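Shown here: entry39.cif, mmCIF, C-alpha atoms.
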data_structure
loop_
_atom_site.group_PDB
_atom_site.id
_atom_site.type_symbol
_atom_site.label_atom_id
_atom_site.label_comp_id
_atom_site.auth_asym_id
_atom_site.auth_seq_id
_atom_site.Cartn_x
_atom_site.Cartn_y
_atom_site.Cartn_z
ATOM 1 C CA MET A 1 16.512 -10.646 2.698
ATOM 2 C CA ASN A 2 14.044 -8.017 1.518
ATOM 3 C CA THR A 3 14.198 -4.445 2.742
ATOM 4 C CA TYR A 4 11.305 -1.983 2.869
ATOM 5 C CA TYR A 5 11.817 1.774 2.750
ATOM 6 C CA ALA A 6 10.337 3.962 5.482
ATOM 7 C CA PRO A 7 10.687 7.778 5.662
ATOM 8 C CA GLU A 8 13.208 9.581 7.830
ATOM 9 C CA ALA A 9 10.891 12.610 8.129
ATOM 10 C CA GLY A 10 12.402 15.742 9.659
ATOM 11 C CA LEU A 11 12.617 18.946 7.607
ATOM 12 C CA PRO A 12 15.040 19.869 4.810
ATOM 13 C CA ALA A 13 17.629 22.563 5.385
ATOM 14 C CA GLN A 14 16.685 26.183 4.695
ATOM 15 C CA THR A 15 19.262 26.106 1.872
ATOM 16 C CA ALA A 16 17.470 23.286 0.014
ATOM 17 C CA LEU A 17 15.834 23.943 -3.349
ATOM 18 C CA LEU A 18 12.053 23.722 -3.598
ATOM 19 C CA SER A 19 11.978 21.634 -6.781
ATOM 20 C CA ASP A 20 10.780 18.045 -6.409
ATOM 21 C CA ARG A 21 8.790 15.390 -8.267
ATOM 22 C CA ALA A 22 5.435 15.897 -6.554
ATOM 23 C CA VAL A 23 2.548 16.195 -9.005
ATOM 24 C CA VAL A 24 -1.244 15.966 -8.858
ATOM 25 C CA THR A 25 -3.322 15.440 -12.002
ATOM 26 C CA GLU A 26 -6.842 14.160 -12.655
ATOM 27 C CA ALA A 27 -5.341 10.827 -13.771
ATOM 28 C CA TYR A 28 -2.719 10.256 -11.077
ATOM 29 C CA THR A 29 -0.863 11.652 -8.070
ATOM 30 C CA VAL A 30 2.822 11.212 -7.221
ATOM 31 C CA ILE A 31 3.937 11.917 -3.643
ATOM 32 C CA PRO A 32 7.751 11.602 -3.532
ATOM 33 C CA ARG A 33 9.423 10.557 -0.318
ATOM 34 C CA GLY A 34 11.090 13.954 0.030
ATOM 35 C CA VAL A 35 7.785 15.619 0.916
ATOM 36 C CA LEU A 36 6.883 13.149 3.680
ATOM 37 C CA ARG A 37 8.013 15.516 6.415
ATOM 38 C CA ASP A 38 7.022 16.086 10.046
ATOM 39 C CA ILE A 39 4.956 19.144 9.147
ATOM 40 C CA VAL A 40 2.404 17.117 7.109
ATOM 41 C CA THR A 41 1.635 14.412 9.666
ATOM 42 C CA SER A 42 -1.665 13.915 11.454
ATOM 43 C CA VAL A 43 -2.541 12.464 14.832
ATOM 44 C CA LEU A 44 -5.578 10.177 14.710
ATOM 45 C CA PRO A 45 -8.373 9.727 17.268
ATOM 46 C CA ASP A 46 -7.998 6.652 19.518
ATOM 47 C CA TRP A 47 -4.300 6.235 18.607
ATOM 48 C CA ASP A 48 -1.540 6.829 21.196
ATOM 49 C CA GLY A 49 2.086 7.627 20.402
ATOM 50 C CA THR A 50 1.276 7.603 16.709
ATOM 51 C CA ARG A 51 1.481 9.906 13.719
ATOM 52 C CA ALA A 52 0.238 9.341 10.186
ATOM 53 C CA TRP A 53 0.981 10.540 6.679
ATOM 54 C CA ILE A 54 -2.297 10.277 4.756
ATOM 55 C CA LEU A 55 -1.291 9.259 1.242
ATOM 56 C CA ASN A 56 -4.699 8.872 -0.354
ATOM 57 C CA ARG A 57 -8.297 9.757 0.428
ATOM 58 C CA PRO A 58 -11.309 9.717 -1.914
ATOM 59 C CA VAL A 59 -11.384 13.045 -3.761
ATOM 60 C CA ALA A 60 -13.191 14.231 -6.868
ATOM 61 C CA GLY A 61 -11.053 13.582 -9.936
ATOM 62 C CA GLY A 62 -8.837 11.092 -8.101
ATOM 63 C CA ALA A 63 -8.905 7.554 -6.755
ATOM 64 C CA THR A 64 -12.131 7.137 -4.787
ATOM 65 C CA THR A 65 -12.353 3.529 -3.534
ATOM 66 C CA PHE A 66 -9.790 3.574 -0.710
ATOM 67 C CA ALA A 67 -7.722 5.470 1.830
ATOM 68 C CA GLN A 68 -4.037 4.777 2.449
ATOM 69 C CA TYR A 69 -1.790 5.849 5.315
ATOM 70 C CA LEU A 70 1.862 5.605 6.255
ATOM 71 C CA MET A 71 1.778 5.036 10.031
ATOM 72 C CA GLU A 72 4.535 5.514 12.617
ATOM 73 C CA VAL A 73 3.898 4.103 16.088
ATOM 74 C CA ALA A 74 6.348 4.877 18.886
ATOM 75 C CA PRO A 75 7.342 2.195 21.421
ATOM 76 C CA GLY A 76 4.398 1.731 23.769
ATOM 77 C CA GLY A 77 1.998 3.330 21.286
ATOM 78 C CA GLY A 78 -0.901 1.896 19.346
ATOM 79 C CA SER A 79 -4.675 1.736 19.437
ATOM 80 C CA ARG A 80 -7.395 -0.322 21.084
ATOM 81 C CA LYS A 81 -9.898 0.990 18.539
ATOM 82 C CA PRO A 82 -7.984 1.590 15.316
ATOM 83 C CA GLU A 83 -10.939 1.399 12.907
ATOM 84 C CA PRO A 84 -13.790 3.877 13.503
ATOM 85 C CA GLN A 85 -16.153 2.382 10.887
ATOM 86 C CA GLU A 86 -17.400 -1.199 11.239
ATOM 87 C CA THR A 87 -18.161 -1.467 7.501
ATOM 88 C CA VAL A 88 -14.501 -0.845 6.564
ATOM 89 C CA GLU A 89 -11.882 -3.532 5.892
ATOM 90 C CA SER A 90 -8.171 -2.966 6.487
ATOM 91 C CA PHE A 91 -4.798 -4.233 5.349
ATOM 92 C CA VAL A 92 -1.617 -3.627 7.374
ATOM 93 C CA PHE A 93 1.911 -4.156 5.947
ATOM 94 C CA VAL A 94 4.924 -3.553 8.225
ATOM 95 C CA LEU A 95 7.888 -1.668 6.750
ATOM 96 C CA ASP A 96 10.347 -1.524 9.645
ATOM 97 C CA GLY A 97 10.743 -1.493 13.420
ATOM 98 C CA GLY A 98 8.452 -3.175 15.870
ATOM 99 C CA PRO A 99 7.554 -5.956 16.073
ATOM 100 C CA LEU A 100 4.015 -4.690 15.691
ATOM 101 C CA THR A 101 1.518 -6.690 17.737
ATOM 102 C CA VAL A 102 -1.868 -6.999 16.028
ATOM 103 C CA THR A 103 -4.508 -8.697 18.189
ATOM 104 C CA ILE A 104 -7.488 -10.086 16.259
ATOM 105 C CA ASP A 105 -10.474 -11.421 18.207
ATOM 106 C CA GLY A 106 -8.140 -11.977 21.175
ATOM 107 C CA GLU A 107 -5.368 -13.753 19.230
ATOM 108 C CA GLN A 108 -2.001 -11.981 19.098
ATOM 109 C CA HIS A 109 0.165 -11.804 15.971
ATOM 110 C CA GLU A 110 3.642 -10.266 15.997
ATOM 111 C CA LEU A 111 4.363 -8.657 12.635
ATOM 112 C CA THR A 112 7.966 -7.988 11.653
ATOM 113 C CA PRO A 113 8.973 -6.086 8.472
ATOM 114 C CA GLY A 114 7.227 -7.794 5.561
ATOM 115 C CA GLY A 115 4.497 -9.108 7.844
ATOM 116 C CA PHE A 116 0.904 -8.326 6.995
ATOM 117 C CA ALA A 117 -2.653 -8.699 8.256
ATOM 118 C CA TYR A 118 -5.987 -8.427 6.465
ATOM 119 C CA LEU A 119 -8.813 -7.352 8.795
ATOM 120 C CA PRO A 120 -12.360 -7.926 7.491
ATOM 121 C CA PRO A 121 -15.143 -5.488 8.370
ATOM 122 C CA LYS A 122 -16.788 -5.822 11.805
ATOM 123 C CA ILE A 123 -13.758 -7.701 13.183
ATOM 124 C CA ILE A 124 -12.404 -6.641 16.590
ATOM 125 C CA TRP A 125 -8.704 -5.821 16.411
ATOM 126 C CA THR A 126 -6.075 -3.771 18.198
ATOM 127 C CA VAL A 127 -2.509 -2.759 17.390
ATOM 128 C CA ALA A 128 0.464 -2.059 19.655
ATOM 129 C CA ASN A 129 4.197 -1.476 19.328
ATOM 130 C CA GLU A 130 5.745 -3.502 22.129
ATOM 131 C CA GLY A 131 9.246 -3.183 20.713
ATOM 132 C CA THR A 132 11.981 -0.645 21.422
ATOM 133 C CA GLU A 133 12.024 1.086 18.016
ATOM 134 C CA PRO A 134 9.285 2.991 16.161
ATOM 135 C CA ALA A 135 7.175 0.713 13.980
ATOM 136 C CA ARG A 136 6.240 1.995 10.519
ATOM 137 C CA PHE A 137 3.617 0.372 8.348
ATOM 138 C CA GLN A 138 1.273 0.882 5.437
ATOM 139 C CA TRP A 139 -2.436 0.889 6.313
ATOM 140 C CA ILE A 140 -5.007 0.519 3.535
ATOM 141 C CA ARG A 141 -8.722 1.010 4.280
ATOM 142 C CA LYS A 142 -11.658 0.270 1.989
ATOM 143 C CA ALA A 143 -15.431 0.350 2.466
ATOM 144 C CA TYR A 144 -16.271 -3.332 2.018
ATOM 145 C CA GLU A 145 -18.764 -4.186 -0.708
ATOM 146 C CA PRO A 146 -20.810 -7.156 0.638
ATOM 147 C CA LEU A 147 -21.658 -10.080 -1.649
ATOM 148 C CA ALA A 148 -24.405 -12.528 -0.677
ATOM 149 C CA GLY A 149 -23.037 -15.924 0.313
ATOM 150 C CA HIS A 150 -19.437 -14.741 0.632
ATOM 151 C CA LEU A 151 -17.611 -13.637 3.788
ATOM 152 C CA PRO A 152 -13.914 -12.677 3.868
ATOM 153 C CA LYS A 153 -11.657 -14.218 6.517
ATOM 154 C CA VAL A 154 -8.708 -12.866 8.472
ATOM 155 C CA VAL A 155 -5.408 -13.366 6.640
ATOM 156 C CA VAL A 156 -2.057 -13.019 8.466
ATOM 157 C CA GLY A 157 1.346 -13.833 7.025
ATOM 158 C CA HIS A 158 4.718 -12.651 5.751
ATOM 159 C CA GLU A 159 5.364 -11.818 2.131
ATOM 160 C CA SER A 160 8.676 -13.719 2.041
ATOM 161 C CA ASP A 161 6.840 -16.938 2.977
ATOM 162 C CA LEU A 162 4.712 -16.716 -0.163
ATOM 163 C CA GLU A 163 5.800 -17.961 -3.568
ATOM 164 C CA PRO A 164 5.677 -15.143 -6.121
ATOM 165 C CA ALA A 165 4.102 -15.919 -9.473
ATOM 166 C CA GLY A 166 6.089 -15.033 -12.574
ATOM 167 C CA MET A 167 4.177 -13.109 -15.191
ATOM 168 C CA PRO A 168 3.823 -15.052 -18.472
ATOM 169 C CA GLY A 169 6.591 -14.535 -21.001
ATOM 170 C CA THR A 170 8.881 -12.568 -18.648
ATOM 171 C CA ASP A 171 11.396 -15.308 -17.680
ATOM 172 C CA ASN A 172 10.336 -14.668 -14.059
ATOM 173 C CA LYS A 173 11.821 -11.171 -14.135
ATOM 174 C CA TRP A 174 8.396 -9.671 -13.381
ATOM 175 C CA ARG A 175 6.807 -11.380 -10.382
ATOM 176 C CA THR A 176 3.736 -10.857 -8.243
ATOM 177 C CA THR A 177 3.372 -11.949 -4.606
ATOM 178 C CA ARG A 178 -0.362 -12.140 -3.880
ATOM 179 C CA MET A 179 -1.195 -11.739 -0.197
ATOM 180 C CA LEU A 180 -4.977 -12.173 -0.497
ATOM 181 C CA PRO A 181 -6.832 -15.001 -2.282
ATOM 182 C CA VAL A 182 -7.297 -13.984 -5.916
ATOM 183 C CA ASP A 183 -9.944 -16.620 -6.757
ATOM 184 C CA ASP A 184 -12.297 -15.938 -3.818
ATOM 185 C CA LEU A 185 -15.150 -13.508 -4.484
ATOM 186 C CA ALA A 186 -15.373 -12.737 -0.769
ATOM 187 C CA TYR A 187 -12.423 -10.343 -1.249
ATOM 188 C CA ASP A 188 -13.159 -7.104 -3.079
ATOM 189 C CA MET A 189 -9.555 -5.942 -3.180
ATOM 190 C CA HIS A 190 -6.159 -7.462 -3.951
ATOM 191 C CA ILE A 191 -2.926 -6.479 -2.196
ATOM 192 C CA ASN A 192 0.274 -7.611 -3.920
ATOM 193 C CA VAL A 193 4.010 -7.044 -3.775
ATOM 194 C CA VAL A 194 5.189 -6.593 -7.351
ATOM 195 C CA THR A 195 8.858 -7.228 -8.206
ATOM 196 C CA PHE A 196 10.784 -6.246 -11.335
ATOM 197 C CA GLU A 197 14.391 -7.228 -11.861
ATOM 198 C CA PRO A 198 16.622 -4.490 -13.355
ATOM 199 C CA GLY A 199 15.625 -3.865 -16.965
ATOM 200 C CA ALA A 200 12.273 -5.649 -16.712
ATOM 201 C CA SER A 201 9.177 -3.746 -17.754
ATOM 202 C CA ILE A 202 5.432 -3.589 -18.138
ATOM 203 C CA PRO A 203 5.610 -3.620 -21.945
ATOM 204 C CA PHE A 204 2.200 -2.101 -22.688
ATOM 205 C CA ALA A 205 0.039 0.694 -21.327
ATOM 206 C CA GLU A 206 -2.282 -1.020 -18.845
ATOM 207 C CA THR A 207 -5.629 0.769 -19.012
ATOM 208 C CA HIS A 208 -8.252 -0.696 -16.702
ATOM 209 C CA VAL A 209 -11.064 0.055 -14.294
ATOM 210 C CA MET A 210 -9.103 -0.884 -11.148
ATOM 211 C CA GLU A 211 -7.727 1.975 -9.078
ATOM 212 C CA HIS A 212 -4.228 1.655 -7.642
ATOM 213 C CA GLY A 213 -2.244 2.744 -4.630
ATOM 214 C CA LEU A 214 1.483 1.997 -5.118
ATOM 215 C CA TYR A 215 4.080 2.446 -2.370
ATOM 216 C CA VAL A 216 7.632 1.800 -3.606
ATOM 217 C CA LEU A 217 9.418 -0.574 -1.222
ATOM 218 C CA GLU A 218 12.767 -0.834 -2.995
ATOM 219 C CA GLY A 219 14.653 0.370 -6.076
ATOM 220 C CA LYS A 220 13.823 2.847 -8.795
ATOM 221 C CA ALA A 221 12.021 2.951 -12.126
ATOM 222 C CA VAL A 222 10.609 5.186 -14.816
ATOM 223 C CA TYR A 223 6.816 4.977 -14.712
ATOM 224 C CA ARG A 224 4.492 5.897 -17.582
ATOM 225 C CA LEU A 225 1.396 7.552 -16.122
ATOM 226 C CA ASN A 226 -1.200 8.763 -18.615
ATOM 227 C CA GLU A 227 0.909 10.858 -21.046
ATOM 228 C CA ASP A 228 3.906 11.381 -18.755
ATOM 229 C CA TRP A 229 7.113 9.545 -17.848
ATOM 230 C CA VAL A 230 7.845 9.942 -14.126
ATOM 231 C CA GLU A 231 10.927 8.820 -12.192
ATOM 232 C CA VAL A 232 10.141 7.053 -8.921
ATOM 233 C CA GLN A 233 12.247 5.501 -6.165
ATOM 234 C CA GLU A 234 11.840 3.693 -2.845
ATOM 235 C CA GLY A 235 9.587 5.629 -0.483
ATOM 236 C CA ASP A 236 7.587 7.296 -3.268
ATOM 237 C CA TYR A 237 3.823 6.854 -3.495
ATOM 238 C CA MET A 238 1.505 6.839 -6.514
ATOM 239 C CA SER A 239 -2.282 6.981 -6.570
ATOM 240 C CA LEU A 240 -3.905 6.083 -9.893
ATOM 241 C CA ARG A 241 -7.558 6.699 -10.751
ATOM 242 C CA ALA A 242 -9.572 4.268 -12.884
ATOM 243 C CA PHE A 243 -8.424 3.955 -16.520
ATOM 244 C CA CYS A 244 -5.132 5.801 -16.020
ATOM 245 C CA PRO A 245 -2.728 4.270 -18.612
ATOM 246 C CA GLN A 246 0.331 2.851 -16.842
ATOM 247 C CA ALA A 247 3.591 1.056 -17.630
ATOM 248 C CA CYS A 248 7.155 1.051 -16.283
ATOM 249 C CA TYR A 249 10.824 0.205 -16.805
ATOM 250 C CA ALA A 250 12.851 -0.961 -13.776
ATOM 251 C CA GLY A 251 16.068 1.011 -13.551
ATOM 252 C CA GLY A 252 18.315 -1.044 -11.248
ATOM 253 C CA PRO A 253 20.814 -1.649 -9.802
ATOM 254 C CA SER A 254 18.537 -3.430 -7.311
ATOM 255 C CA ASN A 255 15.108 -4.912 -7.908
ATOM 256 C CA PHE A 256 12.189 -2.504 -8.191
ATOM 257 C CA ARG A 257 9.435 -3.544 -5.756
ATOM 258 C CA TYR A 258 6.180 -1.959 -4.672
ATOM 259 C CA LEU A 259 3.120 -2.649 -2.545
ATOM 260 C CA LEU A 260 0.030 -2.541 -4.780
ATOM 261 C CA TYR A 261 -3.653 -2.047 -3.959
ATOM 262 C CA LYS A 262 -6.446 -2.589 -6.475
ATOM 263 C CA ASP A 263 -10.221 -2.961 -6.230
ATOM 264 C CA VAL A 264 -11.634 -6.111 -7.855
ATOM 265 C CA ASN A 265 -14.443 -8.686 -8.046
ATOM 266 C CA ARG A 266 -17.518 -6.470 -7.981
ATOM 267 C CA GLN A 267 -20.177 -5.498 -10.501
ATOM 268 C CA ILE A 268 -20.421 -1.873 -11.635
ATOM 269 C CA MET A 269 -23.562 -0.559 -9.986
ATOM 270 C CA LEU A 270 -25.512 1.956 -12.097
#
Rewrite the coordinates I just gave you, this time as structure tokens.
Amino acid sequence: MNTYYAPEAGLPAQTALLSDRAVVTEAYTVIPRGVLRDIVTSVLPDWDGTRAWILNRPVAGGATTFAQYLMEVAPGGGSRKPEPQETVESFVFVLDGGPLTVTIDGEQHELTPGGFAYLPPKIIWTVANEGTEPARFQWIRKAYEPLAGHLPKVVVGHESDLEPAGMPGTDNKWRTTRMLPVDDLAYDMHINVVTFEPGASIPFAETHVMEHGLYVLEGKAVYRLNEDWVEVQEGDYMSLRAFCPQACYAGGPSNFRYLLYKDVNRQIML
């Protein structure tokens, strides 16, 4: 059974050292789990019993196509109007707690850890934690780029019900679970769970136009970001701007797994 890391929050002791792995550059940002503390949360309009860690927002010199949040909804909390912009699409991935009830056009879906929902723009949806434990989930938002003749549909599922695809030449030790259709131009983003077995790697420096948001669900690795090697572990977050060179080695002893966002399927408008 898969596990998904969620932060414990709180504050470190006054005796703790300040040093950590947090870094912001023009090519990438690393937000380690140790800095996801109570003091940096936000409360959002139209959300009850909820706090949010905002992991990415469009900023000059950084990733600009999306926003990403780590949400924590207390029992009885949620929102009847979670999305303030009708032109924005959303993707929700549950990490722990709940179940989280997502109601889409009047139809209820109970999402347990590993459950996900893609919400197209202009769709009517609500979210509620009707369980007895806090529900924590990743929330990715993107301004949808319309394409004539193509309309995205609601997608609801669980990542463990999907068959991951092994990357060519890796003996299935590097796998990708694709939660949105990859061959449908209606979708202008892909959301995947990427899995590396211990010792597996991305054996070249990927350098591409797609931006990334990566939330580490399990395990640890050494990640090559631009010119730097950075250690990451479950609960860490990485935001990568376009053309940031990237590669990694999975460190073990467990699998290294992360939730991955990337923007795709659209022409570059000049």
message: Once the PyMOL selection byres ((chain A and resi 176) around 8) has been evaluated on this model, what residues remain selected, and can you format them as number ranges by chain?
response: A: 164-167, 174-175, 177-178, 192-195
message: Just checking: using only C-alpha atoms, which residue out of A:Glu26, A:Glu130, A:Asp161, A:Glu86 ends up closest to Thr101 in chain A?
response: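 Comparing A:Glu26, A:Glu130, A:Asp161, A:Glu86 against Thr101 in chain A, the winner is A:Glu130.
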Closest-contact table, range 17-83 of chain A side, partner range 103-123 of chain A, 12 Å, counting only C-alpha atoms, as CSV:
residue,atom,partner,partner_atom,distance
A:Gly78,CA,A:Thr103,CA,11.2
A:Ser79,CA,A:Thr103,CA,10.5
A:Arg80,CA,A:Thr103,CA,9.3
A:Lys81,CA,A:Ile123,CA,10.9
A:Pro82,CA,A:Leu119,CA,11.1
A:Glu83,CA,A:Pro121,CA,9.3
Nearby residues (only C-alpha atoms) at most 9 Å from Asn265 in chain A, same-chain spacing under 6 positions excluded, as a PyMOL selection string: chain A and resi 184-189
- prompt: Can you list, as a ChimeraX atom specification, every protein, DNA or RNA residue that comes within 10 Å of Gly76 in chain A when you count all atoms listed in the file, leaving out same-chain residues fewer than 6 positions away?
  reply: /A:48-50,128-134
Create the file for the chosen residues now, containing C-alpha atoms and written as an mmCIF file, keeping the file's coordinate frame.
data_model
loop_
_atom_site.group_PDB
_atom_site.id
_atom_site.type_symbol
_atom_site.label_atom_id
_atom_site.label_comp_id
_atom_site.auth_asym_id
_atom_site.auth_seq_id
_atom_site.Cartn_x
_atom_site.Cartn_y
_atom_site.Cartn_z
ATOM 1 C CA ASP A 48 -1.540 6.829 21.196
ATOM 2 C CA GLY A 49 2.086 7.627 20.402
ATOM 3 C CA THR A 50 1.276 7.603 16.709
ATOM 4 C CA ALA A 128 0.464 -2.059 19.655
ATOM 5 C CA ASN A 129 4.197 -1.476 19.328
ATOM 6 C CA GLU A 130 5.745 -3.502 22.129
ATOM 7 C CA GLY A 131 9.246 -3.183 20.713
ATOM 8 C CA THR A 132 11.981 -0.645 21.422
ATOM 9 C CA GLU A 133 12.024 1.086 18.016
ATOM 10 C CA PRO A 134 9.285 2.991 16.161
#
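Across the structure, CA of Trp139 in chain A and CA of Arg33 in chain A are spaced 16.7 Å apart.
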message: With the PyMOL selection byres ((chain A and resi 21-25) around 9) as the selection, what would be picked from this file? Answer as a PyMOL selection string, please.
response: chain A and resi 19-20+26-32+34-35+61-62+230-232
Only C-alpha atoms, please: the residues just picked out, written as a PDB file, in the coordinates of the input.
ATOM      1  CA  SER A  19      11.978  21.634  -6.781  1.00  0.00           C
ATOM      2  CA  ASP A  20      10.780  18.045  -6.409  1.00  0.00           C
ATOM      3  CA  GLU A  26      -6.842  14.160 -12.655  1.00  0.00           C
ATOM      4  CA  ALA A  27      -5.341  10.827 -13.771  1.00  0.00           C
ATOM      5  CA  TYR A  28      -2.719  10.256 -11.077  1.00  0.00           C
ATOM      6  CA  THR A  29      -0.863  11.652  -8.070  1.00  0.00           C
ATOM      7  CA  VAL A  30       2.822  11.212  -7.221  1.00  0.00           C
ATOM      8  CA  ILE A  31       3.937  11.917  -3.643  1.00  0.00           C
ATOM      9  CA  PRO A  32       7.751  11.602  -3.532  1.00  0.00           C
ATOM     10  CA  GLY A  34      11.090  13.954   0.030  1.00  0.00           C
ATOM     11  CA  VAL A  35       7.785  15.619   0.916  1.00  0.00           C
ATOM     12  CA  GLY A  61     -11.053  13.582  -9.936  1.00  0.00           C
ATOM     13  CA  GLY A  62      -8.837  11.092  -8.101  1.00  0.00           C
ATOM     14  CA  VAL A 230       7.845   9.942 -14.126  1.00  0.00           C
ATOM     15  CA  GLU A 231      10.927   8.820 -12.192  1.00  0.00           C
ATOM     16  CA  VAL A 232      10.141   7.053  -8.921  1.00  0.00           C
TER      17      VAL A 232
END
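When CA of Lys262 in chain A is paired with CA of Tyr237 in chain A, their separation reads 14.3 Å.
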message: I need the output of the PyMOL selection byres ((chain A and resi 67-75) around 10) for this file as a VMD selection string; which residues are they?
response: chain A and resid 6 to 7 36 41 to 43 47 to 58 63 to 66 76 to 79 90 to 100 127 to 143 213 to 215 239 261
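With only C-alpha atoms as the atoms that count, the residue of A:Ala148, A:Leu270, A:Val154, A:Leu259 with the shortest distance to Glu218 in chain A is A:Leu259.
Across A:Ser201, A:Gln14, A:Thr3, A:Gln233, the tightest approach to Asp171 in chain A is made by A:Ser201 when counting all atoms listed in the file.
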